[in-house]
$ cat start-v1.tsv   # TSV, C-alpha atoms and all ligand atoms
chain	number	residue	atom	x	y	z
A	1	MET	CA	163.85	-7.80	-176.80
A	2	ALA	CA	166.83	-5.74	-175.76
A	3	ASN	CA	166.18	-3.45	-178.68
A	4	MET	CA	162.62	-2.98	-177.58
A	5	ARG	CA	163.79	-1.98	-174.12
A	6	VAL	CA	166.19	0.57	-175.59
A	7	ALA	CA	163.38	1.89	-177.73
A	8	ALA	CA	161.15	2.24	-174.70
A	9	VAL	CA	163.80	4.15	-172.80
A	10	ALA	CA	164.40	6.38	-175.80
A	11	LEU	CA	160.67	7.00	-176.08
A	12	SER	CA	160.28	7.98	-172.46
A	13	LEU	CA	163.33	10.23	-172.72
A	14	ALA	CA	161.80	11.89	-175.77
A	15	ALA	CA	158.49	12.33	-173.92
A	16	GLY	CA	160.40	13.88	-171.03
A	17	MET	CA	161.92	16.39	-173.40
A	18	VAL	CA	158.59	17.34	-174.92
A	19	LEU	CA	157.17	18.01	-171.44
A	20	PRO	CA	159.98	19.24	-169.26
A	21	ALA	CA	159.15	18.44	-165.66
A	22	ALA	CA	159.96	21.86	-164.24
A	23	ALA	CA	157.68	23.71	-166.63
A	24	ALA	CA	154.60	21.56	-166.11
A	25	VAL	CA	154.05	22.42	-162.45
A	26	GLN	CA	154.12	25.84	-160.82
A	27	VAL	CA	154.20	26.21	-157.04
A	28	SER	CA	153.54	29.71	-155.72
A	29	GLY	CA	152.73	31.73	-152.62
A	30	ALA	CA	154.12	29.19	-150.16
A	31	TRP	CA	153.91	30.31	-146.53
A	32	ALA	CA	153.72	28.91	-143.03
A	33	ARG	CA	152.91	30.33	-139.64
A	34	ALA	CA	155.60	30.82	-137.05
A	35	THR	CA	155.44	28.12	-134.40
A	36	ALA	CA	154.43	28.73	-130.81
A	37	PRO	CA	156.92	27.94	-128.05
A	38	GLY	CA	157.15	24.18	-127.64
A	39	GLN	CA	155.26	23.44	-130.85
A	40	ASP	CA	157.21	21.10	-133.14
A	41	GLU	CA	154.75	20.91	-135.98
A	42	GLY	CA	153.64	23.42	-138.57
A	43	ALA	CA	151.44	23.78	-141.64
A	44	VAL	CA	152.57	24.95	-145.07
A	45	TYR	CA	150.08	26.58	-147.44
A	46	LEU	CA	150.63	27.15	-151.15
A	47	SER	CA	149.13	27.08	-154.62
A	48	VAL	CA	149.95	24.50	-157.29
A	49	THR	CA	149.11	24.70	-160.95
A	50	SER	CA	149.93	22.02	-163.50
A	51	THR	CA	149.55	22.51	-167.23
A	52	THR	CA	148.79	18.81	-167.61
A	53	ALA	CA	146.81	16.46	-165.40
A	54	ASP	CA	149.10	15.33	-162.61
A	55	ARG	CA	148.97	14.21	-159.01
A	56	LEU	CA	150.85	15.39	-155.95
A	57	THR	CA	151.85	12.15	-154.27
A	58	ALA	CA	154.42	12.98	-151.59
A	59	VAL	CA	155.95	15.84	-149.68
A	60	SER	CA	159.09	16.24	-147.62
A	61	SER	CA	161.02	19.06	-146.05
A	62	PRO	CA	164.68	19.49	-145.11
A	63	ASP	CA	163.42	21.41	-142.06
A	64	ALA	CA	161.22	18.67	-140.65
A	65	GLY	CA	161.61	15.03	-139.70
A	66	MET	CA	158.43	14.24	-141.53
A	67	ALA	CA	155.95	15.94	-143.85
A	68	MET	CA	152.46	14.80	-144.72
A	69	LEU	CA	149.52	15.85	-146.84
A	70	HIS	CA	146.65	16.77	-144.56
A	71	GLU	CA	143.23	18.19	-144.87
A	72	THR	CA	141.29	19.90	-142.12
A	73	THR	CA	137.69	18.94	-142.57
A	74	GLN	CA	134.88	20.94	-141.02
A	75	MET	CA	131.67	19.11	-140.48
A	76	GLY	CA	128.84	20.47	-138.40
A	77	GLY	CA	131.22	22.55	-136.31
A	78	MET	CA	133.71	19.73	-135.91
A	79	SER	CA	137.27	20.16	-137.01
A	80	SER	CA	139.33	17.12	-137.87
A	81	MET	CA	142.67	16.65	-139.57
A	82	GLN	CA	142.84	13.77	-142.03
A	83	ASP	CA	145.74	12.22	-143.93
A	84	MET	CA	145.51	12.45	-147.72
A	85	ASP	CA	147.15	9.92	-150.03
A	86	GLY	CA	147.60	12.51	-152.74
A	87	VAL	CA	146.05	15.51	-154.40
A	88	ALA	CA	144.79	15.46	-157.98
A	89	LEU	CA	145.83	18.37	-160.19
A	90	PRO	CA	143.39	18.95	-163.05
A	91	PRO	CA	145.10	20.51	-166.08
A	92	GLY	CA	145.39	24.31	-165.84
A	93	LYS	CA	143.46	24.53	-162.55
A	94	THR	CA	145.13	26.10	-159.53
A	95	VAL	CA	144.82	23.94	-156.44
A	96	THR	CA	145.14	25.97	-153.24
A	97	PHE	CA	146.29	24.80	-149.84
A	98	ALA	CA	144.93	27.30	-147.31
A	99	PRO	CA	143.98	27.59	-143.62
A	100	HIS	CA	140.96	25.45	-142.65
A	101	GLY	CA	141.58	23.33	-145.74
A	102	MET	CA	144.52	21.41	-147.14
A	103	HIS	CA	148.02	21.88	-145.76
A	104	ILE	CA	151.40	20.26	-145.82
A	105	MET	CA	151.89	19.20	-142.24
A	106	LEU	CA	155.45	19.42	-140.97
A	107	MET	CA	156.17	17.20	-138.00
A	108	ASP	CA	159.23	16.85	-135.81
A	109	LEU	CA	160.49	20.27	-136.90
A	110	LYS	CA	164.26	20.49	-136.69
A	111	HIS	CA	164.04	24.09	-135.48
A	112	PRO	CA	161.24	26.48	-134.52
A	113	LEU	CA	159.69	28.42	-137.39
A	114	THR	CA	160.41	32.10	-136.83
A	115	ALA	CA	158.61	34.92	-138.64
A	116	GLY	CA	160.69	36.36	-141.46
A	117	SER	CA	162.69	33.19	-142.08
A	118	VAL	CA	162.46	30.90	-145.10
A	119	ILE	CA	162.17	27.11	-145.04
A	120	GLY	CA	161.82	24.58	-147.84
A	121	VAL	CA	159.44	21.88	-149.00
A	122	ASP	CA	159.81	19.32	-151.77
A	123	LEU	CA	156.70	18.26	-153.61
A	124	THR	CA	156.76	15.05	-155.61
A	125	PHE	CA	154.37	14.71	-158.52
A	126	GLN	CA	153.46	11.58	-160.42
A	127	LYS	CA	154.57	13.07	-163.75
A	128	ALA	CA	156.47	16.27	-163.04
A	129	GLY	CA	158.88	14.72	-160.58
A	130	THR	CA	160.08	16.63	-157.51
A	131	VAL	CA	159.73	20.39	-157.25
A	132	HIS	CA	161.34	22.42	-154.48
A	133	ALA	CA	159.54	25.43	-153.06
A	134	GLN	CA	160.70	28.12	-150.67
A	135	VAL	CA	158.29	28.80	-147.85
A	136	LYS	CA	158.04	32.22	-146.18
A	137	VAL	CA	157.42	32.04	-142.46
A	138	GLU	CA	154.86	34.63	-141.37
A	139	LYS	CA	153.73	35.74	-137.90
A	140	ILE	CA	151.73	33.21	-135.89
A	141	THR	CA	148.69	35.47	-136.31
A	142	ALA	CA	148.97	35.55	-140.12
A	143	THR	CA	145.94	34.46	-142.12
A	144	GLY	CA	147.63	34.58	-145.52
A	145	PRO	CA	150.98	34.92	-147.26
A	146	GLN	CA	151.21	38.67	-146.64
A	147	GLY	CA	150.89	38.41	-142.89
B	1	MET	CA	140.68	5.71	-138.55
B	2	ARG	CA	137.32	4.07	-139.27
B	3	ARG	CA	136.53	4.17	-135.58
B	4	GLY	CA	137.65	7.81	-135.46
B	5	LEU	CA	135.26	8.67	-138.25
B	6	LEU	CA	132.39	6.97	-136.50
B	7	TRP	CA	133.13	8.90	-133.37
B	8	LEU	CA	133.31	12.03	-135.44
B	9	LEU	CA	129.88	11.34	-136.88
B	10	GLY	CA	128.46	10.70	-133.45
B	11	GLY	CA	129.93	13.92	-132.09
B	12	GLY	CA	128.82	15.78	-135.18
B	13	VAL	CA	125.15	15.19	-134.43
B	14	VAL	CA	125.29	17.13	-131.17
B	15	VAL	CA	127.34	19.90	-132.67
B	16	LEU	CA	125.17	20.09	-135.79
B	17	GLY	CA	122.36	21.30	-133.60
B	18	LEU	CA	124.66	23.96	-132.20
B	19	ALA	CA	125.79	24.95	-135.68
B	20	ALA	CA	122.17	25.40	-136.71
B	21	ALA	CA	121.66	27.63	-133.68
B	22	ALA	CA	124.67	29.67	-134.78
B	23	LEU	CA	122.70	30.77	-137.80
B	24	LEU	CA	120.12	32.31	-135.50
B	25	PRO	CA	122.27	34.18	-133.03
B	26	ARG	CA	119.56	35.79	-130.97
B	27	MET	CA	117.36	32.76	-130.77
B	28	ALA	CA	117.24	30.97	-127.48
B	29	MET	CA	118.70	27.48	-127.41
B	30	PRO	CA	116.13	24.68	-127.50
B	31	PRO	CA	114.59	24.14	-124.07
B	32	GLY	CA	116.55	21.76	-121.89
B	33	ILE	CA	119.90	22.52	-123.49
B	34	THR	CA	122.20	24.72	-121.50
B	35	ILE	CA	125.67	25.67	-122.63
B	36	GLY	CA	128.53	26.40	-120.30
B	37	GLY	CA	128.72	26.20	-116.56
B	38	PRO	CA	131.04	26.24	-113.59
B	39	PHE	CA	134.63	25.15	-114.03
B	40	ALA	CA	137.81	24.78	-112.01
B	41	LEU	CA	140.87	25.11	-114.23
B	42	VAL	CA	144.36	26.59	-114.23
B	43	ASP	CA	145.37	29.64	-116.28
B	44	GLY	CA	148.63	30.31	-118.09
B	45	ASP	CA	150.17	31.82	-114.95
B	46	GLY	CA	149.43	28.66	-113.01
B	47	HIS	CA	146.60	30.25	-111.02
B	48	ALA	CA	143.46	28.32	-110.15
B	49	VAL	CA	140.52	29.97	-111.89
B	50	SER	CA	136.79	29.42	-112.18
B	51	GLU	CA	133.93	30.94	-114.17
B	52	ARG	CA	133.68	33.55	-111.39
B	53	SER	CA	137.19	34.77	-112.22
B	54	TYR	CA	135.71	36.34	-115.36
B	55	ALA	CA	132.40	37.55	-113.95
B	56	GLY	CA	131.28	40.84	-115.47
B	57	LEU	CA	133.22	40.21	-118.68
B	58	TRP	CA	132.15	38.93	-122.07
B	59	LYS	CA	133.80	35.62	-122.78
B	60	LEU	CA	134.58	34.00	-126.11
B	61	VAL	CA	135.19	30.35	-125.35
B	62	TYR	CA	137.06	28.15	-127.82
B	63	PHE	CA	138.39	24.63	-127.32
B	64	GLY	CA	141.57	23.48	-129.05
B	65	TYR	CA	145.20	22.58	-128.43
B	66	THR	CA	148.56	24.22	-128.99
B	67	HIS	CA	149.98	21.43	-131.19
B	68	CYS	CA	147.14	22.07	-133.64
B	69	PRO	CA	148.87	23.49	-136.72
B	70	ASP	CA	145.88	24.66	-138.75
B	71	ALA	CA	142.39	25.06	-137.29
B	72	CYS	CA	143.35	26.55	-133.90
B	73	PRO	CA	145.87	29.22	-134.94
B	74	THR	CA	143.59	30.15	-137.85
B	75	THR	CA	140.59	30.61	-135.57
B	76	LEU	CA	142.55	32.39	-132.83
B	77	SER	CA	144.10	34.72	-135.43
B	78	THR	CA	140.65	35.55	-136.74
B	79	ILE	CA	139.42	36.31	-133.21
B	80	GLY	CA	142.49	38.47	-132.62
B	81	ALA	CA	141.87	40.38	-135.86
B	82	ALA	CA	138.19	40.77	-134.90
B	83	MET	CA	139.29	42.28	-131.56
B	84	ASP	CA	141.31	44.83	-133.53
B	85	LYS	CA	138.07	45.96	-135.24
B	86	LEU	CA	136.40	46.78	-131.91
B	87	THR	CA	136.72	50.01	-129.96
B	88	PRO	CA	139.12	49.97	-126.98
B	89	GLY	CA	136.05	50.20	-124.73
B	90	GLN	CA	134.46	47.12	-126.27
B	91	ARG	CA	137.71	45.16	-126.14
B	92	ARG	CA	138.34	45.98	-122.50
B	93	ASP	CA	135.37	43.91	-121.38
B	94	ILE	CA	136.10	40.82	-123.49
B	95	ARG	CA	138.26	37.82	-122.65
B	96	VAL	CA	139.02	34.98	-125.02
B	97	LEU	CA	139.25	31.69	-123.14
B	98	PHE	CA	141.20	29.05	-125.06
B	99	ILE	CA	140.53	25.78	-123.25
B	100	THR	CA	142.76	22.84	-124.12
B	101	VAL	CA	141.46	19.45	-125.21
B	102	ASP	CA	145.02	18.10	-124.92
B	103	PRO	CA	146.05	18.52	-121.28
B	104	GLY	CA	148.83	15.96	-121.68
B	105	ARG	CA	150.82	18.39	-123.81
B	106	ASP	CA	149.31	21.72	-122.77
B	107	SER	CA	150.74	22.63	-119.39
B	108	PRO	CA	149.81	26.05	-117.95
B	109	GLN	CA	153.15	27.47	-119.16
B	110	VAL	CA	152.74	26.04	-122.67
B	111	ILE	CA	149.20	27.24	-123.20
B	112	GLY	CA	149.88	30.55	-121.43
B	113	SER	CA	152.75	31.51	-123.70
B	114	TYR	CA	150.88	30.22	-126.76
B	115	VAL	CA	147.81	32.42	-126.39
B	116	LYS	CA	149.85	35.57	-125.69
B	117	ALA	CA	150.78	35.67	-129.39
B	118	PHE	CA	147.17	36.32	-130.39
B	119	GLY	CA	146.31	39.33	-128.24
B	120	PRO	CA	146.12	40.76	-124.73
B	121	GLU	CA	142.60	39.44	-124.07
B	122	PHE	CA	143.55	35.80	-124.67
B	123	ILE	CA	143.70	33.44	-121.69
B	124	GLY	CA	144.82	29.81	-121.95
B	125	LEU	CA	143.15	27.34	-119.61
B	126	THR	CA	144.16	23.79	-118.81
B	127	GLY	CA	143.66	21.26	-116.05
B	128	SER	CA	143.59	17.58	-115.31
B	129	PRO	CA	141.48	15.38	-117.58
B	130	ALA	CA	139.08	15.04	-114.65
B	131	ALA	CA	138.78	18.83	-114.37
B	132	LEU	CA	138.38	19.30	-118.13
B	133	ALA	CA	135.82	16.55	-118.77
B	134	PRO	CA	132.86	18.34	-117.13
B	135	VAL	CA	133.80	21.57	-118.92
B	136	GLU	CA	133.76	19.81	-122.27
B	137	SER	CA	130.42	18.22	-121.53
B	138	SER	CA	128.88	21.47	-120.28
B	139	TYR	CA	129.82	23.07	-123.61
B	140	HIS	CA	128.78	19.95	-125.54
B	141	VAL	CA	132.28	19.78	-126.91
B	142	TYR	CA	133.53	16.72	-128.66
B	143	ALA	CA	137.24	15.93	-128.57
B	144	ALA	CA	139.06	12.73	-129.43
B	145	ARG	CA	142.60	11.65	-130.14
B	146	HIS	CA	143.29	10.61	-133.66
B	147	ALA	CA	146.55	8.87	-134.55
B	148	LEU	CA	148.64	10.27	-137.37
B	149	LYS	CA	150.87	8.21	-139.66
B	150	ASP	CA	154.12	8.94	-137.83
B	151	GLY	CA	152.90	7.84	-134.41
B	152	ASP	CA	152.08	11.39	-133.35
B	153	TYR	CA	148.48	12.35	-132.82
B	154	ALA	CA	146.05	15.12	-133.59
B	155	MET	CA	142.86	15.99	-131.75
B	156	ASP	CA	139.54	16.07	-133.54
B	157	HIS	CA	137.57	18.76	-131.79
B	158	SER	CA	134.57	21.03	-131.95
B	159	SER	CA	135.61	24.23	-133.65
B	160	ILE	CA	132.96	26.70	-132.61
B	161	ILE	CA	133.32	29.89	-130.61
B	162	TYR	CA	130.87	30.26	-127.75
B	163	VAL	CA	129.85	33.77	-126.72
B	164	MET	CA	129.07	34.05	-123.03
B	165	ALA	CA	127.53	37.20	-121.54
B	166	PRO	CA	129.00	38.97	-118.47
B	167	ASP	CA	126.47	37.13	-116.26
B	168	GLY	CA	127.78	33.80	-117.55
B	169	HIS	CA	124.87	32.98	-119.82
B	170	PHE	CA	125.38	31.61	-123.29
B	171	VAL	CA	124.21	34.10	-125.91
B	172	GLY	CA	125.39	32.75	-129.24
B	173	LEU	CA	127.95	31.02	-131.41
B	174	LEU	CA	130.49	32.37	-133.84
B	175	ASP	CA	131.46	30.27	-136.81
B	176	ASP	CA	135.23	29.80	-137.09
B	177	ASN	CA	135.09	30.56	-140.81
B	178	LEU	CA	133.83	34.14	-140.37
B	179	THR	CA	136.00	37.02	-141.54
B	180	PRO	CA	137.32	39.25	-138.74
B	181	GLU	CA	134.92	42.00	-139.89
B	182	ALA	CA	131.90	39.70	-139.77
B	183	MET	CA	132.98	38.32	-136.41
B	184	ALA	CA	133.35	41.79	-134.89
B	185	LYS	CA	129.95	42.82	-136.29
B	186	LYS	CA	128.27	39.75	-134.86
B	187	LEU	CA	129.87	40.30	-131.47
B	188	VAL	CA	128.52	43.84	-131.35
B	189	ALA	CA	125.12	42.58	-132.51
B	190	LEU	CA	125.16	40.09	-129.63
B	191	GLY	CA	125.70	43.00	-127.26
B	192	ALA	CA	129.43	42.85	-126.56
C	201	CU	CU	147.92	18.62	-140.25
$ encode --input "start-v1.tsv" --output "structure tokens"
Amino acid sequence: MANMRVAAVALSLAAGMVLPAAAAVQVSGAWARATAPGQDEGAVYLSVTSTTADRLTAVSSPDAGMAMLHETTQMGGMSSMQDMDGVALPPGKTVTFAPHGMHIMLMDLKHPLTAGSVIGVDLTFQKAGTVHAQVKVEKITATGPQG
Amino acid sequence: MRRGLLWLLGGGVVVLGLAAAALLPRMAMPPGITIGGPFALVDGDGHAVSERSYAGLWKLVYFGYTHCPDACPTTLSTIGAAMDKLTPGQRRDIRVLFITVDPGRDSPQVIGSYVKAFGPEFIGLTGSPAALAPVESSYHVYAARHALKDGDYAMDHSSIIYVMAPDGHFVGLLDDNLTPEAMAKKLVALGA
């Protein structure tokens, strides 16, 4: 029994070495808009690509009290923000978080987001583990990562 | 959540009709439906304003709230970029009225400083819930609080831009997903 457990641990370690966590998931183009005076929440946009099927299950940020996966849904001219439990990553397909779509919602920001600064987010994946990404803060009027 | 969705569906029916009308910008609204009307609100400088305060100007009316992290700044940024595509003469006669659906958090100062970031023609309007309710209903706007996981809340709201002519009449809708170029073009086509 004990031997079996050791074997299982060894197996999972070996699997981990075959598919190193850091290489499986790529996070790119992360940006957020500067916050307005008095606003203590923000939205982070980015692209995620995983070489294998995976699932983004949780997000956090050292710059915010709380981070959540949200999606803005547009239906017949209505805009609504919904919580998401996770985001599926099909193998090799880039999943994009962009304005009017999915975003990482930062709540209870510890400081205002000012254009030109950099903040961080941590994305936790079912298989790839936790990946840190640097987020460029753009002007409040930005519509994409280049301002 | 379930209840919120039901509300959303109910509100969606009204707005769906409006969205359909947006596809036909120059078509008159169905008979019996009027959009917009008199209001008594407060601007970002704390001044009492009404629809007459903007008589003779084109008005783009959009409802939202400053704590909105995605839909509102995206739409306001697009409007601001569309303004940049217009001639100075065209811009001079346009005001963008951003009317809050979250008066509890959007004081005149808060909404006033918020809209300034998007361009010189932006005006933030707020008021008491009693002052805002008839404005929302005259624009057939749907807005409802929706609790988020951490105890904070977001507002579900209509995300359509209403174009009002200098005489105060509704002339068309702009979809919030338009590119700035397309938005500017449509504004000019509507006569602005
Ligand atoms: Cu959100």
$ interface_residues --input "start-v1.tsv" --of "chain A" --to "chain B" --cutoff "8 Å" --atoms "only C-alpha atoms" --output "JSON list (two decimals) with C-alpha atoms, in the frame of the given file"
[["chain", "number", "residue", "atom", "x", "y", "z"],
["A", 36, "ALA", "CA", 154.43, 28.73, -130.81],
["A", 37, "PRO", "CA", 156.92, 27.94, -128.05],
["A", 38, "GLY", "CA", 157.15, 24.18, -127.64],
["A", 39, "GLN", "CA", 155.26, 23.44, -130.85],
["A", 40, "ASP", "CA", 157.21, 21.10, -133.14],
["A", 41, "GLU", "CA", 154.75, 20.91, -135.98],
["A", 42, "GLY", "CA", 153.64, 23.42, -138.57],
["A", 43, "ALA", "CA", 151.44, 23.78, -141.64],
["A", 66, "MET", "CA", 158.43, 14.24, -141.53],
["A", 72, "THR", "CA", 141.29, 19.90, -142.12],
["A", 75, "MET", "CA", 131.67, 19.11, -140.48],
["A", 76, "GLY", "CA", 128.84, 20.47, -138.40],
["A", 77, "GLY", "CA", 131.22, 22.55, -136.31],
["A", 78, "MET", "CA", 133.71, 19.73, -135.91],
["A", 79, "SER", "CA", 137.27, 20.16, -137.01],
["A", 80, "SER", "CA", 139.33, 17.12, -137.87],
["A", 81, "MET", "CA", 142.67, 16.65, -139.57],
["A", 83, "ASP", "CA", 145.74, 12.22, -143.93],
["A", 99, "PRO", "CA", 143.98, 27.59, -143.62],
["A", 100, "HIS", "CA", 140.96, 25.45, -142.65],
["A", 103, "HIS", "CA", 148.02, 21.88, -145.76],
["A", 105, "MET", "CA", 151.89, 19.20, -142.24],
["A", 140, "ILE", "CA", 151.73, 33.21, -135.89],
["A", 141, "THR", "CA", 148.69, 35.47, -136.31],
["A", 142, "ALA", "CA", 148.97, 35.55, -140.12],
["A", 143, "THR", "CA", 145.94, 34.46, -142.12]]
$ atom_distance --input "start-v1.tsv" --atom1 "CA of Glu138 in chain A" --atom2 "CA of Thr114 in chain A"
7.6 Å
$ atom_distance --input "start-v1.tsv" --atom1 "CA of Asp45 in chain B" --atom2 "CA of Phe98 in chain B"
13.8 Å
$ residues_around --input "start-v1.tsv" --residues "Gly44 in chain B" --least-positions-apart "6" --cutoff "7 Å" --atoms "only C-alpha atoms" --output "PyMOL selection string"
chain B and resi 108-109+111-112+123-125
$ atom_distance --input "start-v1.tsv" --atom1 "CA of Trp31 in chain A" --atom2 "CA of Gln126 in chain A"
23.3 Å
$ decode --input "start-v1.tsv" --residues "range 85-102 of chain A" --atoms "N, CA and C atoms" --output "tab-separated table (two decimals), in the first residue's frame"
chain	number	residue	atom	x	y	z
A	85	ASP	N	-17.14	30.74	-13.18
A	85	ASP	CA	-16.46	29.78	-12.31
A	85	ASP	C	-15.08	29.44	-12.83
A	86	GLY	N	-14.89	29.54	-14.11
A	86	GLY	CA	-13.60	29.22	-14.72
A	86	GLY	C	-13.69	29.43	-16.21
A	87	VAL	N	-12.55	29.32	-16.87
A	87	VAL	CA	-12.53	29.49	-18.32
A	87	VAL	C	-11.77	28.32	-18.93
A	88	ALA	N	-12.43	27.62	-19.83
A	88	ALA	CA	-11.80	26.46	-20.48
A	88	ALA	C	-10.77	26.93	-21.50
A	89	LEU	N	-9.64	26.24	-21.54
A	89	LEU	CA	-8.59	26.56	-22.51
A	89	LEU	C	-8.43	25.35	-23.44
A	90	PRO	N	-8.96	25.43	-24.64
A	90	PRO	CA	-8.77	24.33	-25.58
A	90	PRO	C	-7.30	24.29	-26.01
A	91	PRO	N	-6.75	23.13	-26.29
A	91	PRO	CA	-5.33	23.05	-26.62
A	91	PRO	C	-4.96	23.91	-27.83
A	92	GLY	N	-3.93	24.75	-27.67
A	92	GLY	CA	-3.41	25.53	-28.79
A	92	GLY	C	-4.24	26.73	-29.20
A	93	LYS	N	-5.39	26.93	-28.59
A	93	LYS	CA	-6.28	28.04	-28.96
A	93	LYS	C	-6.05	29.22	-28.00
A	94	THR	N	-5.88	30.41	-28.56
A	94	THR	CA	-5.71	31.58	-27.71
A	94	THR	C	-7.07	32.08	-27.24
A	95	VAL	N	-7.20	32.20	-25.93
A	95	VAL	CA	-8.43	32.72	-25.35
A	95	VAL	C	-8.16	34.17	-24.95
A	96	THR	N	-8.99	35.09	-25.45
A	96	THR	CA	-8.73	36.50	-25.23
A	96	THR	C	-9.74	37.13	-24.29
A	97	PHE	N	-9.23	37.84	-23.32
A	97	PHE	CA	-10.04	38.66	-22.42
A	97	PHE	C	-9.94	40.09	-22.97
A	98	ALA	N	-11.06	40.67	-23.34
A	98	ALA	CA	-11.03	41.99	-23.98
A	98	ALA	C	-12.26	42.79	-23.56
A	99	PRO	N	-12.19	44.15	-23.74
A	99	PRO	CA	-13.33	44.98	-23.39
A	99	PRO	C	-14.65	44.47	-23.99
A	100	HIS	N	-15.73	44.60	-23.24
A	100	HIS	CA	-17.06	44.12	-23.63
A	100	HIS	C	-17.12	42.60	-23.68
A	101	GLY	N	-16.16	41.94	-23.05
A	101	GLY	CA	-16.16	40.48	-23.03
A	101	GLY	C	-15.70	40.01	-21.67
A	102	MET	N	-14.75	39.07	-21.66
A	102	MET	CA	-14.25	38.58	-20.37
A	102	MET	C	-13.20	39.53	-19.81
